[in-house]
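Visitor: Sharing structure_11.txt (compact mmCIF, C-alpha atoms) below.
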```txt
# COMPACT_ATOMS: atom_id res chain seq x y z
CA MET A 1 20.80 20.18 -34.55
CA ASN A 2 21.79 20.76 -30.92
CA SER A 3 21.53 17.05 -30.16
CA GLN A 4 23.76 16.24 -33.12
CA THR A 5 26.27 18.83 -31.98
CA MET A 6 26.25 17.40 -28.45
CA LEU A 7 26.71 13.88 -29.78
CA LEU A 8 29.65 14.98 -31.91
CA SER A 9 31.22 16.82 -28.99
CA GLU A 10 30.81 13.74 -26.78
CA LEU A 11 32.46 11.54 -29.41
CA LEU A 12 35.33 13.98 -29.72
CA ALA A 13 35.64 14.00 -25.93
CA VAL A 14 35.77 10.19 -25.88
CA PHE A 15 38.51 10.14 -28.52
CA LYS A 16 40.41 12.85 -26.69
CA LYS A 17 40.35 10.92 -23.42
CA SER A 18 41.42 7.70 -25.18
CA LYS A 19 43.90 9.25 -27.60
CA LEU A 20 46.76 7.16 -26.25
CA LEU A 21 44.79 3.94 -26.78
CA VAL A 22 43.85 4.99 -30.33
CA PHE A 23 47.44 5.99 -31.12
CA ILE A 24 48.85 2.68 -29.88
CA THR A 25 46.24 0.72 -31.86
CA ILE A 26 47.10 2.66 -35.03
CA LEU A 27 50.81 1.94 -34.57
CA LEU A 28 50.21 -1.76 -33.90
CA MET A 29 47.95 -2.28 -36.91
CA GLY A 30 50.13 -0.25 -39.25
CA GLY A 31 53.28 -1.99 -38.06
CA ALA A 32 51.65 -5.42 -38.42
CA ALA A 33 50.53 -4.62 -41.97
CA TYR A 34 54.02 -3.43 -42.90
CA TYR A 35 55.70 -6.47 -41.35
CA LEU A 36 53.36 -8.93 -43.08
CA SER A 37 53.79 -7.20 -46.45
CA GLN A 38 57.56 -6.94 -46.15
CA TYR A 39 58.55 -10.25 -44.57
CA VAL A 40 55.64 -12.73 -44.56
CA ILE A 41 53.61 -12.39 -47.76
CA GLU A 42 55.48 -13.91 -50.68
CA PRO A 43 55.86 -11.45 -53.58
CA LYS A 44 54.32 -12.23 -56.97
CA TYR A 45 55.67 -11.30 -60.40
CA GLU A 46 53.73 -10.81 -63.60
CA ALA A 47 54.80 -11.82 -67.11
CA SER A 48 52.60 -11.47 -70.20
CA THR A 49 52.54 -12.22 -73.89
CA GLN A 50 50.19 -11.21 -76.70
CA VAL A 51 48.84 -13.15 -79.65
CA LEU A 52 46.81 -11.83 -82.58
CA ILE A 53 43.91 -13.69 -84.16
CA VAL A 54 44.07 -12.72 -87.84
CA PRO A 55 41.06 -13.01 -90.16
CA LYS A 56 41.10 -15.83 -92.65
CA GLN A 57 41.59 -14.49 -96.18
CA GLU A 58 40.08 -15.93 -99.28
CA ALA A 59 42.48 -17.66 -101.63
CA GLY A 60 44.04 -15.19 -104.10
CA SER A 61 42.60 -12.15 -102.28
CA ASN A 62 44.33 -9.63 -100.01
CA VAL A 63 41.12 -7.95 -98.92
CA VAL A 64 39.64 -8.65 -95.49
CA ASP A 65 35.95 -7.88 -95.14
CA SER A 66 33.87 -7.35 -92.01
CA THR A 67 32.52 -10.90 -92.12
CA GLN A 68 36.00 -12.32 -91.78
CA VAL A 69 36.79 -9.98 -88.91
CA SER A 70 33.57 -10.97 -87.13
CA SER A 71 34.47 -14.60 -87.61
CA SER A 72 37.86 -14.02 -85.96
CA LEU A 73 36.24 -12.17 -83.07
CA SER A 74 33.82 -15.02 -82.49
CA LEU A 75 36.79 -17.36 -82.07
CA ILE A 76 38.33 -15.31 -79.25
CA ASN A 77 36.32 -16.93 -76.45
CA THR A 78 36.97 -20.36 -77.92
CA TYR A 79 40.70 -19.71 -78.03
CA ARG A 80 40.68 -18.46 -74.45
CA VAL A 81 39.13 -21.73 -73.31
CA ILE A 82 41.63 -23.74 -75.36
CA MET A 83 44.57 -21.91 -73.73
CA ARG A 84 43.40 -23.06 -70.30
CA SER A 85 42.59 -26.61 -71.41
CA PRO A 86 44.69 -29.70 -70.54
CA ALA A 87 45.56 -30.02 -74.24
CA ILE A 88 47.80 -26.96 -73.84
CA LEU A 89 48.68 -26.88 -70.14
CA ASN A 90 49.80 -30.50 -69.90
CA ASP A 91 52.40 -29.88 -72.57
CA VAL A 92 53.48 -26.68 -70.80
CA GLN A 93 53.78 -28.58 -67.51
CA GLU A 94 56.22 -31.01 -69.11
CA ARG A 95 58.35 -28.31 -70.75
CA VAL A 96 58.66 -25.95 -67.75
CA THR A 97 60.75 -27.53 -65.01
CA ASN A 98 59.68 -25.52 -61.96
CA ALA A 99 56.09 -24.89 -62.99
CA PRO A 100 53.37 -25.14 -60.30
CA GLU A 101 51.20 -28.23 -60.12
CA ASP A 102 48.15 -26.37 -61.45
CA ILE A 103 49.19 -23.76 -64.01
CA SER A 104 45.60 -22.61 -64.47
CA GLU A 105 45.72 -21.05 -60.99
CA VAL A 106 48.48 -18.62 -62.04
CA LEU A 107 47.20 -18.04 -65.58
CA VAL A 108 44.92 -15.22 -66.72
CA VAL A 109 43.73 -15.10 -70.34
CA GLU A 110 41.98 -11.87 -71.28
CA SER A 111 41.03 -9.79 -74.27
CA GLU A 112 39.41 -6.41 -74.69
CA GLU A 113 35.98 -6.09 -76.23
CA ASP A 114 35.99 -6.15 -80.07
CA SER A 115 39.74 -6.80 -80.05
CA GLN A 116 41.53 -9.56 -81.91
CA VAL A 117 44.43 -9.54 -79.43
CA ILE A 118 44.59 -12.04 -76.57
CA ASN A 119 46.73 -11.29 -73.52
CA ILE A 120 48.30 -14.24 -71.73
CA VAL A 121 49.25 -13.19 -68.19
CA VAL A 122 51.08 -15.35 -65.66
CA GLU A 123 51.41 -14.33 -61.98
CA TYR A 124 53.90 -16.40 -60.03
CA THR A 125 56.36 -16.07 -57.14
CA ASP A 126 59.37 -16.82 -59.38
CA PRO A 127 59.86 -14.17 -62.11
CA VAL A 128 61.92 -16.47 -64.34
CA VAL A 129 59.34 -19.25 -64.20
CA ALA A 130 56.51 -16.77 -64.80
CA ALA A 131 58.11 -15.50 -68.02
CA GLU A 132 58.92 -19.05 -69.15
CA ILE A 133 55.35 -20.27 -68.59
CA ALA A 134 53.88 -17.36 -70.55
CA ASN A 135 56.23 -17.90 -73.50
CA VAL A 136 55.75 -21.69 -73.57
CA ILE A 137 51.93 -21.33 -73.46
CA THR A 138 52.11 -18.94 -76.40
CA ASP A 139 54.36 -21.27 -78.38
CA VAL A 140 52.31 -24.41 -77.65
CA PHE A 141 49.04 -22.63 -78.44
CA ALA A 142 50.30 -21.24 -81.77
CA ASN A 143 51.56 -24.69 -82.80
CA GLU A 144 48.48 -26.66 -81.68
CA ILE A 145 45.74 -24.42 -83.11
CA PRO A 146 46.20 -25.54 -86.77
CA ALA A 147 45.68 -29.17 -85.72
CA LEU A 148 42.83 -28.42 -83.30
CA MET A 149 40.86 -25.89 -85.36
CA ASN A 150 42.08 -26.69 -88.85
CA ILE A 151 43.01 -23.04 -89.29
CA ASP A 152 46.28 -21.16 -88.97
CA ASN A 153 45.29 -17.68 -87.85
CA VAL A 154 47.40 -17.13 -84.71
CA ARG A 155 50.33 -14.71 -84.76
CA VAL A 156 52.59 -13.94 -81.81
CA LEU A 157 52.81 -10.20 -81.17
CA SER A 158 55.14 -10.13 -78.16
CA LEU A 159 56.98 -12.50 -75.86
CA ALA A 160 57.31 -12.17 -72.10
CA GLU A 161 60.38 -10.71 -70.45
CA ILE A 162 61.58 -11.51 -66.94
CA PRO A 163 59.94 -8.94 -64.59
CA ASN A 164 62.24 -6.95 -62.33
CA SER A 165 59.80 -5.88 -59.62
CA PRO A 166 56.85 -7.68 -58.00
CA ILE A 167 53.26 -6.56 -58.52
CA SER A 168 52.20 -7.61 -55.02
CA PRO A 169 52.10 -7.07 -52.15
CA ASN A 170 51.84 -3.27 -52.26
CA ILE A 171 53.67 -2.37 -49.05
CA ILE A 172 52.61 1.29 -48.99
CA LEU A 173 48.96 0.56 -49.70
CA ASN A 174 48.83 -2.28 -47.18
CA THR A 175 50.47 -0.13 -44.51
CA LEU A 176 47.99 2.70 -45.09
CA ALA A 177 45.14 0.19 -44.90
CA GLY A 178 46.58 -1.09 -41.62
CA LEU A 179 46.69 2.45 -40.22
CA VAL A 180 43.06 3.03 -41.17
CA VAL A 181 42.02 -0.28 -39.62
CA GLY A 182 43.97 0.63 -36.50
CA PHE A 183 42.19 3.97 -36.24
CA VAL A 184 38.78 2.30 -36.57
CA ALA A 185 39.69 -0.44 -34.10
CA GLY A 186 41.05 2.11 -31.64
CA GLY A 187 37.87 4.16 -31.92
CA VAL A 188 35.72 1.10 -31.29
CA LEU A 189 37.80 0.15 -28.25
CA ALA A 190 37.55 3.71 -26.93
CA LEU A 191 33.75 3.66 -27.30
CA ILE A 192 33.51 0.25 -25.60
CA ARG A 193 35.72 1.49 -22.79
CA TYR A 194 33.61 4.61 -22.40
CA THR A 195 30.35 2.63 -22.47
CA PHE A 196 31.32 0.22 -19.70
CA ASP A 197 33.09 2.80 -17.56
CA LYS A 198 30.47 4.13 -15.11
CA ARG A 199 32.73 6.47 -13.17
CA ILE A 200 31.87 10.17 -12.95
CA ARG A 201 34.98 12.22 -13.56
CA ASP A 202 33.82 15.84 -13.48
CA GLU A 203 30.86 18.16 -12.92
CA HIS A 204 29.92 18.18 -16.58
CA GLU A 205 29.35 14.40 -16.64
CA LEU A 206 27.31 14.69 -13.45
CA GLU A 207 25.10 17.40 -14.97
CA LEU A 208 24.51 15.26 -18.07
CA LEU A 209 23.68 12.23 -15.93
CA LEU A 210 21.28 13.94 -13.50
CA SER A 211 20.06 16.74 -15.74
CA MET A 212 20.57 19.08 -12.78
CA PRO A 213 23.01 21.92 -12.23
CA VAL A 214 25.90 21.55 -9.80
CA ILE A 215 25.62 24.18 -7.04
CA GLY A 216 28.65 23.19 -4.98
CA THR A 217 31.55 20.80 -4.63
CA VAL A 218 33.31 19.20 -1.66
CA PRO A 219 37.08 19.38 -1.98
CA VAL A 220 39.11 16.22 -1.57
CA ILE A 221 41.13 16.30 1.67
CA GLU A 222 44.23 14.18 1.63
CA LYS A 223 45.26 12.22 4.70
CA ARG A 224 48.50 14.17 5.03
CA ASP A 225 46.49 17.39 5.25
CA MET A 226 44.64 16.04 8.31
CA ALA A 227 47.84 15.32 10.33
CA PRO A 228 48.29 17.81 13.25
CA SER A 229 51.19 20.19 12.82
CA ARG A 230 53.87 20.29 15.56
CA ALA A 231 53.56 23.48 17.62
CA GLN A 232 56.64 25.60 18.29
CA THR A 233 57.92 25.40 21.88
CA PRO A 234 57.57 28.85 23.51
CA PRO A 235 60.50 30.43 25.34
CA GLY A 236 60.81 29.32 28.94
CA ALA A 237 58.81 26.12 28.44
CA VAL A 238 59.80 22.89 30.10
CA THR A 239 60.90 20.18 27.71
CA THR A 240 61.41 16.62 28.81
CA THR A 241 62.24 13.32 27.24
CA LYS A 242 61.60 9.89 28.64
CA GLY A 243 64.16 8.96 31.24
CA GLU A 244 65.57 12.49 31.58
CA LYS A 245 65.07 15.31 34.04
CA PRO A 246 62.99 18.31 33.02
CA HIS A 247 65.00 21.04 31.38
CA VAL A 248 63.94 24.67 31.55
CA GLN A 249 65.11 26.88 28.72
CA SER A 250 65.55 30.51 29.65
CA PRO A 251 64.04 33.19 27.45
CA LYS A 252 67.46 34.71 26.86
CA LYS A 253 68.94 31.47 25.59
CA ALA A 254 65.87 30.89 23.52
CA ARG A 255 66.33 34.27 21.86
CA GLN A 256 70.00 33.54 21.27
CA SER A 257 69.27 30.14 19.78
CA SER A 258 66.64 31.60 17.50
```
Can the structure from this file be put into structure tokens for me?

Guide:
Amino acid sequence: MNSQTMLLSELLAVFKKSKLLVFITILLMGGAAYYLSQYVIEPKYEASTQVLIVPKQEAGSNVVDSTQVSSSLSLINTYRVIMRSPAILNDVQERVTNAPEDISEVLVVESEEDSQVINIVVEYTDPVVAAEIANVITDVFANEIPALMNIDNVRVLSLAEIPNSPISPNIILNTLAGLVVGFVAGGVLALIRYTFDKRIRDEHELELLLSMPVIGTVPVIEKRDMAPSRAQTPPGAVTTTKGEKPHVQSPKKARQSS
């Protein structure tokens, strides 16, 4: 327990001595994350539509049994594959002017378990194009399914609207992540700096290094402290300068001048 406490205290001491380095690293990483999220990373918008796979009813009957529902559910995965197939996307590519070269890269087709609803989600940098792609995929799929599957059981539940705000990047989350990364990076740099710095700064570090108590210290004497001080000239002393005659100052004049 004591060793763990000492280790924790040493780590805290390292961070305390390198707090400026850690602080600067946090600011740099957080600022870089904010700048990249705000000005470099291109925002993406999300538009989605929903289609319903209805059970096939028997002729002359308005009752839908569990077998028909299970049959519709079994078609969900097949329909999801069809939505991403060239049979649908090639037609969408021709109808949407500014669509990307590979629509499948911006398209997500999903459905919840035991649900007859399929969600068609498009994530793209242009909100208008994203909504148009989602709506055209829904329209082409609903029109092509009767010919492909020989069954008309697709109903459009909702069409996509033009999104107003992007879904990514999340500036706040990215900035917080940058701050955390900066703290970790600053801590690692502080530990590296402490590891390779072999200087002994105080008595405590010396005691830890030698495992011996410190019984005395030698004070540091600056060079200016070693310079001789100029003595005061006593009254009546003879003062001379180079090239001049000696001058004797009387005690009376010395007292008057003082």

Visitor: Just give me the gap between atom CA of A:Gly178 and atom CA of A:Phe196 in Å, one decimal is fine.

Guide: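 Atom CA of A:Phe196 lies 26.7 Å from atom CA of A:Gly178.
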
Visitor: Counting all atoms listed in the file, figure out which residue out of A:Gln116, A:Asn170, A:Asn143, A:Ser74 gets nearest to A:Ala87.

Guide: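 So, comparing all the options, the nearest one is A:Asn143.
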
Visitor: For the point (60.2, -11.6, -62.2) in file coordinates, what residues are within 7 Å, counting only C-alpha atoms? Give the answer as a compact mmCIF listing (two decimals) with C-alpha atoms, keeping the file's coordinate frame?

Guide:
```txt
# COMPACT_ATOMS: atom_id res chain seq x y z
CA TYR A 45 55.67 -11.30 -60.40
CA GLU A 46 53.73 -10.81 -63.60
CA ASP A 126 59.37 -16.82 -59.38
CA PRO A 127 59.86 -14.17 -62.11
CA VAL A 128 61.92 -16.47 -64.34
CA ALA A 130 56.51 -16.77 -64.80
CA ILE A 162 61.58 -11.51 -66.94
CA PRO A 163 59.94 -8.94 -64.59
CA ASN A 164 62.24 -6.95 -62.33
CA SER A 165 59.80 -5.88 -59.62
CA PRO A 166 56.85 -7.68 -58.00
```

Visitor: Using all atoms listed in the file, which protein or nucleic acid residues come within 12 Å of A:Ile192? Drop anything in the same chain fewer than 6 positions from it, and give the result as a count of residues only.

Guide: 8

Visitor: For the atom pair atom CA of A:Pro55 and atom CA of A:Glu161, what is the interatomic distance in Å to one decimal place?

Guide: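 For atom CA of A:Pro55 relative to atom CA of A:Glu161, the distance reads 27.7 Å.
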
Visitor: Determine the nearest neighbour of A:Met83 from the options A:Val140, A:Glu123, A:Gly31, A:Val184, counting only C-alpha atoms.

Guide: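 Of A:Val140, A:Glu123, A:Gly31, A:Val184, the one nearest A:Met83, counting only C-alpha atoms, is A:Val140.
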
Visitor: Would you compute the distance between atom CA of A:Gln93 and atom CA of A:Val51? Give it in Å to one decimal.

Guide: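 Computed distance, atom CA of A:Gln93 to atom CA of A:Val51, equals 20.2 Å.
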